[in-house]
Amino acid sequence: MASPQNPSGEDSLIARYFKPLATDPGALGLVDDAAILQSLGEDIVVTTDAVVEGVHYLAGDPPDTIARKALRVNLSDLAAKGAIPAGFVLTLALRSKEDAWLRPFAEALGEDAKTFACPLLGGDTVSTPGPQMISITAFGRVPRGRMVGRSGARPGDRILVTGTIGDAALGLDVLTGGALAGALASDPAARDALVSRYRVPQPRNGLARAVRDDATAAMDISDGFAGDLTKLCAASGVSATVDVASVPLSAIAAGLVARNAVRLETLLAGGDDYEVLCTVPAAQSFALITAGRAVGIGVTAVGTIIEGNGRPHFLDCMGRELALKRLSYSHF
């Protein structure tokens with residue numbers, strides 16, 4: 001262990017880039033091996049996600065967007081659980097400690113920590129000869145027994161989603177030189193908008209309290225709308241019908257579908273949306289939609305929970321079931 005007079009490279013890195021972010025008293029100034037998070041008589045919700053270079057972000061992505069994505073994918077989980085952010089711990093696996101990368105990364109992380117009231121509490125830094133990896137474990141607070149899980153959906157509930165679906169998958173296609181890079185060659189604004197949705201998710205924490213008050217089941221959409229709805233249905237022991245024409249798309253994505261430049265299945269299964277998927281009793285669905293409108297978050301009803309074996313049914317505008325070849329992104 002390094003002494004204060006002879007700090008290690010890790011200690012210097014932490015002191016320079018991350019100690020300024022540790023403003024919560026429970027972080028103990030990042031000088032200890034642990035932190036303190038007070039429960040305040042509430043339940044503590046814990047979630048963890050890692051982002052890996054070449055899997056969740058590209059090697060050439062700007063470091064500030066990597067920092068924001070690493071934190072925001074965890075904040076998205078908290079939002080879907082109805083939890084208010086309380087803090088996070090950070091693990092960095094780095095190939096090098098270049099200031100040109102670490103400074104904008106730390107600055108963006110600090111900005112988001114302040115914006116979402118989710119302070120840095122501690123963490124670890126290690127070196128790696130392989131791809132970089134950023135792992136964050138985030139903590140949130142909910143009143144006792146009020147966390148919204150995946151297993152509470154009941155027949156008759158309406159299925160609601162926030163924001164729009166599929167933009168991030170299209171942004172990744174643009175970044176990796178896919179077919180859309182050519183299809184949008186004359187529309188740089190559209191390309192930039194899609195790339196931004198991939199690089200910088202928009203967690204719906206402003207809707208967390210409404211999700212907690214109204215939803216019977218919820219999760220964030222990370223691996224793809226179709227696949228994640230399947231997971232929710234399986235956890236709840238129900239099925240669902242989805243009107244695919246009601247699934248909210250951005251104007252850019254809708255235009256690409258209309259031009260046959262992209263298949264609807266790509267949007268439904270693409271992943272990286274980080275929107276909230278939830279089920280709500282029909283009588284309360286308008287309340288959640290209204291709550292979203294009040295905080296500038298679009299909420300759309302896309303289907304209904306029915307009795308069944310956990311497999312959702314995706315129906316076209318004629319009521320015919322679509323046979324989706326792929327439901328979601330798979331890590332393995």
# chains A, B, ... in the order shown; residues from 1 in each chain; ligands from 1

call {"tool": "closest_atom_pairs", "arguments": {"of": "segment 230-293 of chain A", "to": "segment 77-89 of chain A", "cutoff": "10 Å", "atoms": "only C-alpha atoms", "output": "Markdown table"}}
result
| residue | atom | partner | partner_atom | distance |
| --- | --- | --- | --- | --- |
| A:Tyr274 | CA | A:Asp77 | CA | 8.2 |
| A:Glu275 | CA | A:Ala80 | CA | 8.4 |
| A:Val276 | CA | A:Ala80 | CA | 5.6 |
| A:Leu277 | CA | A:Ala80 | CA | 7.5 |
| A:Cys278 | CA | A:Ala80 | CA | 7.8 |

call {"tool": "closest_residue", "arguments": {"among": "A:Arg320, A:Arg72, A:Lys114, A:Lys231", "to": "Asn205 of chain A", "atoms": "only C-alpha atoms"}}
result
A:Arg72

call {"tool": "residues_around", "arguments": {"residues": "Leu37 of chain A", "least_positions_apart": "4", "cutoff": "12 Å", "atoms": "only C-alpha atoms", "output": "list of chain:residue names"}}
result
A:Asp24, A:Pro25, A:Gly26, A:Ala27, A:Leu28, A:Gly41, A:Glu42, A:Asp43, A:Ile44, A:Val45, A:Val46, A:Pro85, A:Ala86, A:Gly87, A:Phe88, A:Val89, A:Cys118, A:Pro119, A:Leu120, A:Leu121, A:Gly122, A:Ala138, A:Phe139, A:Gly140, A:Arg141

call {"tool": "write_last_selection", "arguments": {"atoms": "C-alpha atoms", "output": "mmCIF file, in the first residue's frame"}}
result
data_model
loop_
_atom_site.group_PDB
_atom_site.id
_atom_site.type_symbol
_atom_site.label_atom_id
_atom_site.label_comp_id
_atom_site.auth_asym_id
_atom_site.auth_seq_id
_atom_site.Cartn_x
_atom_site.Cartn_y
_atom_site.Cartn_z
ATOM 1 C CA ASP A 24 -20.845 12.923 -0.945
ATOM 2 C CA PRO A 25 -19.703 12.663 2.712
ATOM 3 C CA GLY A 26 -20.151 8.890 2.507
ATOM 4 C CA ALA A 27 -17.338 8.703 -0.059
ATOM 5 C CA LEU A 28 -14.865 9.666 2.689
ATOM 6 C CA GLY A 41 -35.287 3.913 6.414
ATOM 7 C CA GLU A 42 -35.670 3.008 2.748
ATOM 8 C CA ASP A 43 -34.762 0.005 0.615
ATOM 9 C CA ILE A 44 -31.494 0.271 -1.304
ATOM 10 C CA VAL A 45 -31.753 -0.859 -4.936
ATOM 11 C CA VAL A 46 -28.466 -2.087 -6.422
ATOM 12 C CA PRO A 85 -30.312 7.621 -7.520
ATOM 13 C CA ALA A 86 -28.177 7.583 -4.371
ATOM 14 C CA GLY A 87 -24.631 7.072 -5.665
ATOM 15 C CA PHE A 88 -22.301 4.788 -7.603
ATOM 16 C CA VAL A 89 -18.950 3.031 -7.486
ATOM 17 C CA CYS A 118 -25.831 10.340 -8.236
ATOM 18 C CA PRO A 119 -22.446 11.006 -6.617
ATOM 19 C CA LEU A 120 -19.311 8.917 -6.935
ATOM 20 C CA LEU A 121 -18.741 6.893 -3.745
ATOM 21 C CA GLY A 122 -15.609 4.902 -4.579
ATOM 22 C CA ALA A 138 -25.268 2.193 -8.912
ATOM 23 C CA PHE A 139 -27.426 2.478 -5.820
ATOM 24 C CA GLY A 140 -30.927 3.896 -5.583
ATOM 25 C CA ARG A 141 -33.526 4.442 -2.888
#

call {"tool": "closest_atom_pairs", "arguments": {"of": "segment 125-166 of chain A", "to": "segment 207-223 of chain A", "cutoff": "7 Å", "atoms": "only C-alpha atoms", "output": "Markdown table"}}
result
| residue | atom | partner | partner_atom | distance |
| --- | --- | --- | --- | --- |
| A:Arg146 | CA | A:Arg212 | CA | 6.8 |
| A:Met147 | CA | A:Arg212 | CA | 6.8 |
| A:Val148 | CA | A:Ala217 | CA | 5.7 |
| A:Gly149 | CA | A:Ala217 | CA | 5.3 |
| A:Arg150 | CA | A:Ala217 | CA | 4.7 |
| A:Ser151 | CA | A:Ala217 | CA | 6.0 |
| A:Gly152 | CA | A:Ala217 | CA | 4.8 |
| A:Ala153 | CA | A:Ala217 | CA | 5.2 |

call {"tool": "write_last_selection", "arguments": {"atoms": "N, CA and C atoms", "output": "mmCIF file, in the first residue's frame"}}
result
data_model
loop_
_atom_site.group_PDB
_atom_site.id
_atom_site.type_symbol
_atom_site.label_atom_id
_atom_site.label_comp_id
_atom_site.auth_asym_id
_atom_site.auth_seq_id
_atom_site.Cartn_x
_atom_site.Cartn_y
_atom_site.Cartn_z
ATOM 1 N N ARG A 146 -41.227 -1.107 -2.166
ATOM 2 C CA ARG A 146 -41.867 -0.459 -3.316
ATOM 3 C C ARG A 146 -41.090 -0.593 -4.620
ATOM 4 N N MET A 147 -39.975 -1.307 -4.632
ATOM 5 C CA MET A 147 -39.265 -1.479 -5.896
ATOM 6 C C MET A 147 -40.151 -2.207 -6.904
ATOM 7 N N VAL A 148 -40.128 -1.746 -8.148
ATOM 8 C CA VAL A 148 -40.938 -2.348 -9.207
ATOM 9 C C VAL A 148 -40.108 -3.417 -9.904
ATOM 10 N N GLY A 149 -40.520 -4.676 -9.783
ATOM 11 C CA GLY A 149 -39.806 -5.771 -10.417
ATOM 12 C C GLY A 149 -40.375 -6.122 -11.778
ATOM 13 N N ARG A 150 -39.918 -7.243 -12.317
ATOM 14 C CA ARG A 150 -40.405 -7.716 -13.617
ATOM 15 C C ARG A 150 -41.609 -8.632 -13.494
ATOM 16 N N SER A 151 -41.915 -9.092 -12.307
ATOM 17 C CA SER A 151 -42.832 -10.231 -12.169
ATOM 18 C C SER A 151 -44.263 -9.866 -11.787
ATOM 19 N N GLY A 152 -44.623 -8.581 -11.847
ATOM 20 C CA GLY A 152 -45.947 -8.195 -11.378
ATOM 21 C C GLY A 152 -46.989 -7.957 -12.446
ATOM 22 N N ALA A 153 -46.653 -8.149 -13.722
ATOM 23 C CA ALA A 153 -47.621 -7.885 -14.793
ATOM 24 C C ALA A 153 -48.801 -8.841 -14.699
#

call {"tool": "atom_distance", "arguments": {"atom1": "atom CA of Leu324 of chain A", "atom2": "atom CA of Ile297 of chain A"}}
result
28.3 Å

call {"tool": "residues_around", "arguments": {"residues": "segment 298-301 of chain A", "least_positions_apart": "5", "cutoff": "7 Å", "atoms": "only C-alpha atoms", "output": "short mmCIF file (atom, residue, chain, number, x, y, z; two decimals) with N, CA and C atoms, in the first residue's frame"}}
result
data_model
loop_
_atom_site.label_atom_id
_atom_site.label_comp_id
_atom_site.auth_asym_id
_atom_site.auth_seq_id
_atom_site.Cartn_x
_atom_site.Cartn_y
_atom_site.Cartn_z
N ARG A 158 -51.95 -2.57 -19.41
CA ARG A 158 -51.46 -1.98 -20.65
C ARG A 158 -49.94 -1.98 -20.64
N ILE A 159 -49.34 -2.13 -21.80
CA ILE A 159 -47.88 -2.11 -21.97
C ILE A 159 -47.48 -0.72 -22.45
N LEU A 160 -46.61 -0.06 -21.70
CA LEU A 160 -46.18 1.29 -22.03
C LEU A 160 -44.67 1.31 -22.24
N VAL A 161 -44.21 2.17 -23.14
CA VAL A 161 -42.78 2.39 -23.34
C VAL A 161 -42.52 3.89 -23.42
N THR A 162 -41.34 4.28 -22.96
CA THR A 162 -40.96 5.68 -23.05
C THR A 162 -40.16 5.93 -24.32
N GLY A 163 -40.09 7.20 -24.71
CA GLY A 163 -39.23 7.61 -25.81
C GLY A 163 -39.53 6.95 -27.13
N PRO A 248 -43.40 3.39 -30.64
CA PRO A 248 -42.96 4.75 -31.00
C PRO A 248 -41.61 4.75 -31.71
N ILE A 289 -48.89 8.27 -18.57
CA ILE A 289 -48.65 9.03 -19.79
C ILE A 289 -48.62 10.53 -19.49
N GLY A 292 -45.44 11.52 -17.69
CA GLY A 292 -44.35 11.65 -18.63
C GLY A 292 -44.40 12.98 -19.36
N ARG A 293 -45.59 13.37 -19.78
CA ARG A 293 -45.74 14.63 -20.49
C ARG A 293 -45.29 15.80 -19.61
#

call {"tool": "closest_atom_pairs", "arguments": {"of": "segment 202-267 of chain A", "to": "segment 177-183 of chain A", "cutoff": "10 Å", "atoms": "only C-alpha atoms", "output": "JSON lines"}}
result
{"residue": "A:Leu256", "atom": "CA", "partner": "A:Ala183", "partner_atom": "CA", "distance": 8.6}
{"residue": "A:Arg259", "atom": "CA", "partner": "A:Ala183", "partner_atom": "CA", "distance": 9.9}
{"residue": "A:Ala261", "atom": "CA", "partner": "A:Ala183", "partner_atom": "CA", "distance": 7.2}
{"residue": "A:Val262", "atom": "CA", "partner": "A:Leu180", "partner_atom": "CA", "distance": 8.0}

call {"tool": "select_by_dssp", "arguments": {"residues": "segment 96-318 of chain A", "states": "helix (DSSP H, G or I)", "output": "NGL selection string"}}
result
:A and (99-115 or 167-175 or 179-183 or 188-199 or 205-214 or 225-236 or 244-246 or 251-258 or 264-269 or 282-294)

call {"tool": "write_last_selection", "arguments": {"atoms": "C-alpha atoms", "output": "compact mmCIF listing (two decimals), in the first residue's frame"}}
result
# COMPACT_ATOMS: atom_id res chain seq x y z
CA ASP A 99 -4.60 12.79 -19.69
CA ALA A 100 -6.12 13.40 -23.13
CA TRP A 101 -8.53 10.49 -22.48
CA LEU A 102 -8.98 10.58 -18.71
CA ARG A 103 -9.65 14.30 -18.30
CA PRO A 104 -12.71 14.54 -20.59
CA PHE A 105 -13.91 11.16 -19.28
CA ALA A 106 -13.76 12.34 -15.66
CA GLU A 107 -15.24 15.76 -16.44
CA ALA A 108 -18.25 14.25 -18.23
CA LEU A 109 -18.73 11.67 -15.49
CA GLY A 110 -18.73 14.44 -12.91
CA GLU A 111 -21.23 16.50 -14.88
CA ASP A 112 -23.64 13.57 -15.16
CA ALA A 113 -23.16 12.66 -11.50
CA LYS A 114 -24.26 16.20 -10.62
CA THR A 115 -27.09 16.35 -13.18
CA ASP A 167 -32.55 4.74 -32.91
CA ALA A 168 -29.46 3.48 -31.09
CA ALA A 169 -29.24 0.36 -33.25
CA LEU A 170 -29.38 2.58 -36.32
CA GLY A 171 -26.68 4.81 -34.86
CA LEU A 172 -24.40 1.83 -34.39
CA ASP A 173 -25.00 0.80 -38.00
CA VAL A 174 -23.98 4.27 -39.14
CA LEU A 175 -20.82 4.22 -36.99
CA ALA A 179 -26.03 0.19 -45.10
CA LEU A 180 -27.46 3.24 -43.35
CA ALA A 181 -24.18 5.11 -43.66
CA GLY A 182 -24.90 5.29 -47.38
CA ALA A 183 -28.66 5.76 -47.05
CA PRO A 188 -25.67 14.54 -41.70
CA ALA A 189 -28.13 15.87 -39.11
CA ALA A 190 -30.02 12.56 -39.13
CA ARG A 191 -26.77 10.61 -38.91
CA ASP A 192 -25.61 12.68 -35.95
CA ALA A 193 -28.94 12.27 -34.16
CA LEU A 194 -28.83 8.48 -34.47
CA VAL A 195 -25.18 8.29 -33.42
CA SER A 196 -25.98 10.40 -30.36
CA ARG A 197 -28.73 8.00 -29.34
CA TYR A 198 -26.21 5.15 -29.45
CA ARG A 199 -23.41 6.94 -27.66
CA ASN A 205 -35.14 9.06 -14.11
CA GLY A 206 -37.62 11.91 -14.18
CA LEU A 207 -40.36 9.29 -14.46
CA ALA A 208 -39.13 7.02 -11.65
CA ARG A 209 -41.71 8.09 -9.07
CA ALA A 210 -44.58 7.67 -11.52
CA VAL A 211 -43.31 4.20 -12.48
CA ARG A 212 -43.17 3.31 -8.79
CA ASP A 213 -46.68 4.63 -8.18
CA ASP A 214 -48.44 3.18 -11.22
CA PHE A 225 -37.78 -4.15 -27.09
CA ALA A 226 -39.03 -7.53 -28.34
CA GLY A 227 -36.58 -9.57 -26.31
CA ASP A 228 -36.94 -7.55 -23.14
CA LEU A 229 -40.75 -7.72 -23.29
CA THR A 230 -40.34 -11.49 -23.63
CA LYS A 231 -38.22 -11.51 -20.45
CA LEU A 232 -40.81 -9.47 -18.56
CA CYS A 233 -43.64 -11.73 -19.69
CA ALA A 234 -41.69 -14.84 -18.69
CA ALA A 235 -40.94 -13.40 -15.25
CA SER A 236 -44.62 -12.55 -14.74
CA VAL A 244 -46.27 -2.92 -33.76
CA ALA A 245 -47.71 0.12 -35.56
CA SER A 246 -48.02 1.75 -32.12
CA ALA A 251 -39.22 10.60 -37.45
CA ILE A 252 -35.85 9.45 -38.81
CA ALA A 253 -36.47 5.78 -38.07
CA ALA A 254 -40.04 5.92 -39.38
CA GLY A 255 -38.79 7.49 -42.61
CA LEU A 256 -36.20 4.77 -43.07
CA VAL A 257 -38.83 2.06 -42.55
CA ALA A 258 -41.13 3.75 -45.06
CA LEU A 264 -38.99 -2.95 -38.50
CA GLU A 265 -37.55 -6.09 -36.89
CA THR A 266 -34.17 -4.36 -36.69
CA LEU A 267 -35.72 -1.62 -34.55
CA LEU A 268 -37.70 -3.98 -32.33
CA ALA A 269 -34.68 -6.19 -31.59
CA ALA A 282 -55.61 0.10 -17.78
CA ALA A 283 -57.30 2.62 -15.47
CA GLN A 284 -53.91 4.09 -14.50
CA SER A 285 -52.19 4.13 -17.88
CA PHE A 286 -53.28 7.68 -18.68
CA ALA A 287 -51.84 8.88 -15.36
CA LEU A 288 -48.40 7.58 -16.30
CA ILE A 289 -48.65 9.03 -19.79
CA THR A 290 -49.60 12.38 -18.27
CA ALA A 291 -46.74 12.18 -15.75
CA GLY A 292 -44.35 11.65 -18.63
CA ARG A 293 -45.74 14.63 -20.49
CA ALA A 294 -45.21 16.80 -17.39

call {"tool": "atom_distance", "arguments": {"atom1": "atom CA of Val200 of chain A", "atom2": "atom CA of Lys69 of chain A"}}
result
5.3 Å

call {"tool": "residues_around", "arguments": {"residues": "Glu10 of chain A", "least_positions_apart": "6", "cutoff": "10 Å", "atoms": "only C-alpha atoms", "output": "ChimeraX atom specification"}}
result
/A:2,16,97,124-127

call {"tool": "write_last_selection", "arguments": {"atoms": "N, CA and C atoms", "output": "mmCIF file, in the first residue's frame"}}
result
data_model
loop_
_atom_site.group_PDB
_atom_site.id
_atom_site.type_symbol
_atom_site.label_atom_id
_atom_site.label_comp_id
_atom_site.auth_asym_id
_atom_site.auth_seq_id
_atom_site.Cartn_x
_atom_site.Cartn_y
_atom_site.Cartn_z
ATOM 1 N N ALA A 2 0.568 2.197 -0.818
ATOM 2 C CA ALA A 2 1.389 3.386 -0.907
ATOM 3 C C ALA A 2 1.115 4.313 0.273
ATOM 4 N N ARG A 16 -6.179 12.784 -8.894
ATOM 5 C CA ARG A 16 -6.214 13.822 -9.926
ATOM 6 C C ARG A 16 -7.559 13.907 -10.638
ATOM 7 N N LYS A 97 -2.923 5.603 -18.928
ATOM 8 C CA LYS A 97 -3.534 6.677 -18.136
ATOM 9 C C LYS A 97 -3.231 8.039 -18.771
ATOM 10 N N ASP A 124 -12.372 1.362 -8.133
ATOM 11 C CA ASP A 124 -11.076 0.720 -8.303
ATOM 12 C C ASP A 124 -10.580 1.018 -9.706
ATOM 13 N N THR A 125 -9.273 1.067 -9.860
ATOM 14 C CA THR A 125 -8.674 1.191 -11.188
ATOM 15 C C THR A 125 -7.636 0.091 -11.343
ATOM 16 N N VAL A 126 -7.631 -0.532 -12.513
ATOM 17 C CA VAL A 126 -6.667 -1.582 -12.814
ATOM 18 C C VAL A 126 -6.170 -1.378 -14.232
ATOM 19 N N SER A 127 -5.028 -1.968 -14.544
ATOM 20 C CA SER A 127 -4.518 -1.933 -15.910
ATOM 21 C C SER A 127 -4.903 -3.218 -16.619
#

call {"tool": "closest_residue", "arguments": {"among": "A:Asp243, A:Asp33, A:Asp64, A:Asp187", "to": "Ile305 of chain A", "atoms": "only C-alpha atoms"}}
result
A:Asp243

call {"tool": "select_by_dssp", "arguments": {"residues": "segment 96-197 of chain A", "states": "strand (DSSP E)", "output": "ChimeraX atom specification"}}
result
/A:120-127,133-142,158-162
